[in-house]
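Report on the structure given below.
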Amino acid sequence: MEPGTARIAVDLLGGDDAPAVVVDGALRACRADPDLELLLVGPAEVADEIIGALSSRDRGRMAVRPVRHVVGMADAPARASRIDTTVRAAVAAVSEGAADALISAGASGATVTAAALGFGRWPGVRRPVLVASLPAVAGPVVLLDVGGSLEARPVTLAHHAMLGAAYAAVAHGIVAPRVGLLSIGTEPGKGDRTRRAADPVLAAANLPCGARYVGLVEGYDVALGGRADVVVTDGFTGNVLLKGIEGAYAMAGGPTGAAPRAAALLGVAGTAIVCHGAATGDDLASGIALAAHLHRSSATAAISALFSDLDEVTA
């Protein structure tokens, strides 16, 4: 754990089982990290439950921003434009400097929308991307997009490759990350029209951190990690794959938290973590720890700088 204070805004009402699991996760995170400070965004009575469960010494690490409205899991993402919702209020707290990063287990589309509106996008980024790190056999594998955008144009996938390579290097310290494009086979020409068109675009792209494109990879390469450190796909396919891996871990009786239920949002001028709607208290605590890690390592700024230095991709 890196030293230094990290102030994380927590959406108390985001998630299928909120606020109970969010309360649990916030308490776990606070007890595990003595330098963590939390800004609890939601109803005052829910925040009071967290504060009341802490020792008098730790209560000073809590602050509250009372907000009563939430973007429901079935609501349109555009509802997140309202400042009186918990997710938009959490974004506002980061923008104002009251927090260093935010976390929400609410609807991912709403969190992405709120962050894009409140933080603004990086130059050259049309659609922000959600990136998850999976504990593969050969080491961590960075998978993106896992739900930030459903768009699958070749130029979008090339941007994913750039962002994923930078994230692997900055967040995981992977030297010269290997980048693969997810498809149904490794032979050239495999896949649908988009994958076939994207393959040469990624091969010609200028990737950061000494990264190199290794070509097409398959689904099992995500779990094994032998061929690529970064696996690129569209948000629809990535989200389906990620949830399938979660189910496989559960069916196999894997350890709690083995499959990631938290993803970092890249492409916006702020640090945001999106948790799975079905996240547990452990998942929320891990997501808060990830938010603190990204802040302490200045990861968002570093990845943004690496991306901005690259040549523009057109296709």
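Quick note on naming: the chains in the structure tokens go A, B, ... in the order shown, residues restart at 1 in each chain, and ligands are numbered from 1 in order of appearance.
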Task: Spatial neighbours of Val217 in chain A, max dist 9 Å, only C-alpha atoms, sep filter under 2 positions, as a ChimeraX atom specification - done: /A:180-187,214-215,219-222,227-228,231
Excluding Val240 in chain A and its own-chain neighbours fewer than 3 positions away, which residues fall within 12 Å of it when counting only C-alpha atoms? Please give them as an mmCIF file with N, CA, C and O atoms, in the first residue's frame.
```cif
data_model
loop_
_atom_site.group_PDB
_atom_site.id
_atom_site.type_symbol
_atom_site.label_atom_id
_atom_site.label_comp_id
_atom_site.auth_asym_id
_atom_site.auth_seq_id
_atom_site.Cartn_x
_atom_site.Cartn_y
_atom_site.Cartn_z
ATOM 1 N N LEU A 143 -8.220 -6.095 -19.282
ATOM 2 C CA LEU A 143 -9.283 -6.297 -20.268
ATOM 3 C C LEU A 143 -10.072 -5.007 -20.429
ATOM 4 O O LEU A 143 -10.531 -4.422 -19.456
ATOM 5 N N LEU A 144 -10.223 -4.553 -21.679
ATOM 6 C CA LEU A 144 -11.015 -3.376 -21.953
ATOM 7 C C LEU A 144 -11.526 -3.412 -23.404
ATOM 8 O O LEU A 144 -10.901 -4.055 -24.239
ATOM 9 N N ASP A 145 -12.700 -2.900 -23.584
ATOM 10 C CA ASP A 145 -13.608 -2.219 -22.704
ATOM 11 C C ASP A 145 -14.511 -3.264 -22.039
ATOM 12 O O ASP A 145 -14.824 -4.288 -22.632
ATOM 13 N N VAL A 146 -14.956 -3.012 -20.798
ATOM 14 C CA VAL A 146 -15.877 -3.938 -20.148
ATOM 15 C C VAL A 146 -17.224 -3.280 -19.870
ATOM 16 O O VAL A 146 -17.940 -3.695 -18.968
ATOM 17 N N GLY A 147 -17.568 -2.255 -20.665
ATOM 18 C CA GLY A 147 -18.902 -1.687 -20.530
ATOM 19 C C GLY A 147 -18.996 -0.185 -20.604
ATOM 20 O O GLY A 147 -20.078 0.373 -20.438
ATOM 21 N N LEU A 150 -20.451 0.696 -26.089
ATOM 22 C CA LEU A 150 -20.718 -0.478 -26.911
ATOM 23 C C LEU A 150 -20.154 -0.329 -28.315
ATOM 24 O O LEU A 150 -20.234 -1.260 -29.112
ATOM 25 N N GLY A 219 -10.697 -16.196 -26.133
ATOM 26 C CA GLY A 219 -11.233 -16.003 -24.800
ATOM 27 C C GLY A 219 -10.418 -16.644 -23.705
ATOM 28 O O GLY A 219 -10.246 -16.066 -22.616
ATOM 29 N N THR A 233 -11.225 -5.312 -26.660
ATOM 30 C CA THR A 233 -12.482 -5.665 -27.311
ATOM 31 C C THR A 233 -13.459 -4.508 -27.129
ATOM 32 O O THR A 233 -13.124 -3.481 -26.526
ATOM 33 N N ASP A 234 -14.668 -4.664 -27.654
ATOM 34 C CA ASP A 234 -15.694 -3.641 -27.462
ATOM 35 C C ASP A 234 -16.375 -3.833 -26.119
ATOM 36 O O ASP A 234 -16.257 -4.888 -25.488
ATOM 37 N N GLY A 235 -17.111 -2.808 -25.659
ATOM 38 C CA GLY A 235 -17.712 -2.850 -24.335
ATOM 39 C C GLY A 235 -18.772 -3.917 -24.168
ATOM 40 O O GLY A 235 -18.928 -4.480 -23.078
ATOM 41 N N PHE A 236 -19.498 -4.247 -25.226
ATOM 42 C CA PHE A 236 -20.528 -5.287 -25.140
ATOM 43 C C PHE A 236 -19.872 -6.646 -24.904
ATOM 44 O O PHE A 236 -20.196 -7.364 -23.955
ATOM 45 N N THR A 237 -18.926 -7.006 -25.770
ATOM 46 C CA THR A 237 -18.265 -8.306 -25.659
ATOM 47 C C THR A 237 -17.475 -8.402 -24.359
ATOM 48 O O THR A 237 -17.486 -9.434 -23.681
ATOM 49 N N LYS A 243 -18.418 -11.037 -17.047
ATOM 50 C CA LYS A 243 -19.426 -11.658 -16.189
ATOM 51 C C LYS A 243 -19.405 -13.178 -16.326
ATOM 52 O O LYS A 243 -19.694 -13.903 -15.371
ATOM 53 N N GLY A 244 -19.049 -13.674 -17.525
ATOM 54 C CA GLY A 244 -18.893 -15.117 -17.678
ATOM 55 C C GLY A 244 -17.751 -15.644 -16.832
ATOM 56 O O GLY A 244 -17.852 -16.724 -16.218
ATOM 57 N N ILE A 245 -16.654 -14.897 -16.766
ATOM 58 C CA ILE A 245 -15.521 -15.291 -15.931
ATOM 59 C C ILE A 245 -15.907 -15.258 -14.458
ATOM 60 O O ILE A 245 -15.539 -16.149 -13.684
ATOM 61 N N GLU A 246 -16.671 -14.255 -14.069
ATOM 62 C CA GLU A 246 -17.150 -14.193 -12.686
ATOM 63 C C GLU A 246 -17.958 -15.443 -12.337
ATOM 64 O O GLU A 246 -17.784 -16.044 -11.270
ATOM 65 N N GLY A 247 -18.863 -15.830 -13.256
ATOM 66 C CA GLY A 247 -19.668 -17.018 -13.015
ATOM 67 C C GLY A 247 -18.827 -18.271 -12.935
ATOM 68 O O GLY A 247 -19.088 -19.165 -12.114
#
```
Open item on the list: Taking 6 positions as the minimum chain separation for residues in the same chain, which residues sit within 12 Å of His293 in chain A when counting only C-alpha atoms? Answer as a VMD selection string.
Closed with: chain A and resid 1 to 8 33 35 to 36 100 to 101 170 to 172 264 271 to 273 286 to 287 299 to 300
- [ ] Would you list, as JSON, numbers by chain, the residues of range 109-263 of chain A that end up in alpha helix (DSSP H) under DSSP run on this structure's backbone?
- [x] {"A": [109, 110, 111, 112, 113, 114, 115, 116, 117, 118, 119, 154, 155, 156, 157, 158, 159, 160, 161, 162, 163, 164, 165, 166, 167, 168, 169, 170, 171, 172, 193, 194, 195, 196, 197, 198, 199, 200, 201, 202, 203, 204, 219, 220, 221, 222, 223, 224, 235, 236, 237, 238, 239, 240, 241, 242, 243, 244, 245, 246, 247, 248, 249, 250, 251]}
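CA of Gly124 in chain A is positioned 20.3 Å from CA of Pro200 in chain A.
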As a PDB file with N, CA and C atoms, in the first residue's frame, please: the residues near Ala203 in chain A (cut-off 9 Å, only C-alpha atoms, same-chain neighbours under 2 positions excluded).
```pdb
ATOM      1  N   ALA A 198      -9.982  -4.042 -37.799  1.00  0.00           N
ATOM      2  CA  ALA A 198      -9.208  -3.470 -36.700  1.00  0.00           C
ATOM      3  C   ALA A 198      -7.806  -4.067 -36.602  1.00  0.00           C
ATOM      4  N   ASP A 199      -7.640  -5.322 -37.024  1.00  0.00           N
ATOM      5  CA  ASP A 199      -6.352  -6.006 -36.881  1.00  0.00           C
ATOM      6  C   ASP A 199      -5.198  -5.203 -37.490  1.00  0.00           C
ATOM      7  N   PRO A 200      -5.269  -4.784 -38.752  1.00  0.00           N
ATOM      8  CA  PRO A 200      -4.156  -4.004 -39.309  1.00  0.00           C
ATOM      9  C   PRO A 200      -4.028  -2.617 -38.688  1.00  0.00           C
ATOM     10  N   VAL A 201      -5.134  -2.049 -38.218  1.00  0.00           N
ATOM     11  CA  VAL A 201      -5.075  -0.740 -37.578  1.00  0.00           C
ATOM     12  C   VAL A 201      -4.276  -0.824 -36.280  1.00  0.00           C
ATOM     13  N   ALA A 205      -0.628   0.849 -35.136  1.00  0.00           N
ATOM     14  CA  ALA A 205      -0.777   1.892 -34.122  1.00  0.00           C
ATOM     15  C   ALA A 205       0.515   2.080 -33.330  1.00  0.00           C
ATOM     16  N   ASN A 206       0.751   3.313 -32.930  1.00  0.00           N
ATOM     17  CA  ASN A 206       1.893   3.654 -32.083  1.00  0.00           C
ATOM     18  C   ASN A 206       1.466   3.472 -30.625  1.00  0.00           C
ATOM     19  N   ARG A 212       3.728  -3.796 -27.584  1.00  0.00           N
ATOM     20  CA  ARG A 212       3.697  -4.334 -28.945  1.00  0.00           C
ATOM     21  C   ARG A 212       2.403  -5.117 -29.149  1.00  0.00           C
ATOM     22  N   TYR A 213       1.894  -5.014 -30.342  1.00  0.00           N
ATOM     23  CA  TYR A 213       0.676  -5.731 -30.707  1.00  0.00           C
ATOM     24  C   TYR A 213       1.040  -7.152 -31.128  1.00  0.00           C
ATOM     25  N   VAL A 214       0.391  -8.152 -30.501  1.00  0.00           N
ATOM     26  CA  VAL A 214       0.722  -9.557 -30.774  1.00  0.00           C
ATOM     27  C   VAL A 214      -0.316 -10.227 -31.651  1.00  0.00           C
ATOM     28  N   GLY A 215      -1.336  -9.490 -32.094  1.00  0.00           N
ATOM     29  CA  GLY A 215      -2.337 -10.054 -32.987  1.00  0.00           C
ATOM     30  C   GLY A 215      -3.584 -10.514 -32.261  1.00  0.00           C
TER      31      GLY A 215
END
```
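With only C-alpha atoms as the atoms that count, the residue of A:Val129, A:Ala161, A:Ala136, A:Ala166 with the shortest distance to Gly267 in chain A is A:Val129.
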Task: Residues flagged strand (DSSP E or B) by DSSP in range 133-312 of chain A, as a PyMOL selection string - done: chain A and resi 133-136+139-144+178-182+212-217+230-232+262-266+268+272-275
Restricting it to C-alpha atoms, dump the selection as a tab-separated table (two decimals), in the first residue's frame.
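The new file part-v5.tsv reads:
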```
chain	number	residue	atom	x	y	z
A	133	SER	CA	-7.63	-6.34	-14.28
A	134	LEU	CA	-8.07	-10.10	-14.12
A	135	PRO	CA	-5.90	-12.49	-12.06
A	136	ALA	CA	-4.78	-14.76	-14.92
A	139	GLY	CA	-0.06	-12.73	-14.24
A	140	PRO	CA	-2.61	-9.91	-14.39
A	141	VAL	CA	-4.43	-9.36	-17.68
A	142	VAL	CA	-5.94	-5.98	-18.47
A	143	LEU	CA	-9.28	-6.30	-20.27
A	144	LEU	CA	-11.02	-3.38	-21.95
A	178	ARG	CA	1.78	-7.31	-25.05
A	179	VAL	CA	-1.54	-6.25	-26.58
A	180	GLY	CA	-3.98	-8.65	-28.24
A	181	LEU	CA	-7.32	-8.20	-30.01
A	182	LEU	CA	-10.06	-10.57	-28.84
A	212	ARG	CA	3.70	-4.33	-28.94
A	213	TYR	CA	0.68	-5.73	-30.71
A	214	VAL	CA	0.72	-9.56	-30.77
A	215	GLY	CA	-2.34	-10.05	-32.99
A	216	LEU	CA	-5.56	-11.91	-32.36
A	217	VAL	CA	-6.20	-13.76	-29.10
A	230	VAL	CA	-3.74	-6.47	-22.48
A	231	VAL	CA	-6.80	-7.81	-24.28
A	232	VAL	CA	-8.83	-5.35	-26.35
A	262	ALA	CA	-14.37	-3.12	-10.08
A	263	ALA	CA	-13.15	-1.31	-13.18
A	264	ALA	CA	-11.30	1.97	-13.68
A	265	LEU	CA	-12.76	4.56	-16.02
A	266	LEU	CA	-10.19	5.93	-18.47
A	268	VAL	CA	-12.03	11.38	-18.34
A	272	ALA	CA	-13.48	7.01	-11.07
A	273	ILE	CA	-14.05	3.36	-10.19
A	274	VAL	CA	-17.16	1.50	-11.31
A	275	CYS	CA	-18.16	-1.61	-9.36
```
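When only C-alpha atoms are used to compute distances to Leu290 in chain A, the closest of the residues A:Ile174, A:Cys30, A:Ala47, A:Ile103 turns out to be A:Ile103.
CA of Arg261 in chain A is positioned 21.5 Å from CA of Glu218 in chain A.
Between CA of Gly277 in chain A and CA of Ala105 in chain A lies a distance of 5.1 Å.
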Task: Non-local contacts of range 49-60 of chain A (10 Å; only C-alpha atoms; under 4 positions in same chain excluded) as a PyMOL selection string - done: chain A and resi 20+22-27+30-31+34+36-38+40+44-45+64
TODO: Quick one: everything within 12 Å of Ala302 in chain A, counting only C-alpha atoms, minus sequence neighbours fewer than 3 positions away in the same chain. Send it as an NGL selection string.
DONE: :A and (163 or 166-171 or 208-209 or 266-267 or 269-271 or 294-299 or 305-309)
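Each of A:Arg153, A:Gly210, A:Asp229, A:Ala115 was checked against Arg195 in chain A using only C-alpha atoms; the smallest atom-to-atom distance is that of A:Arg153.
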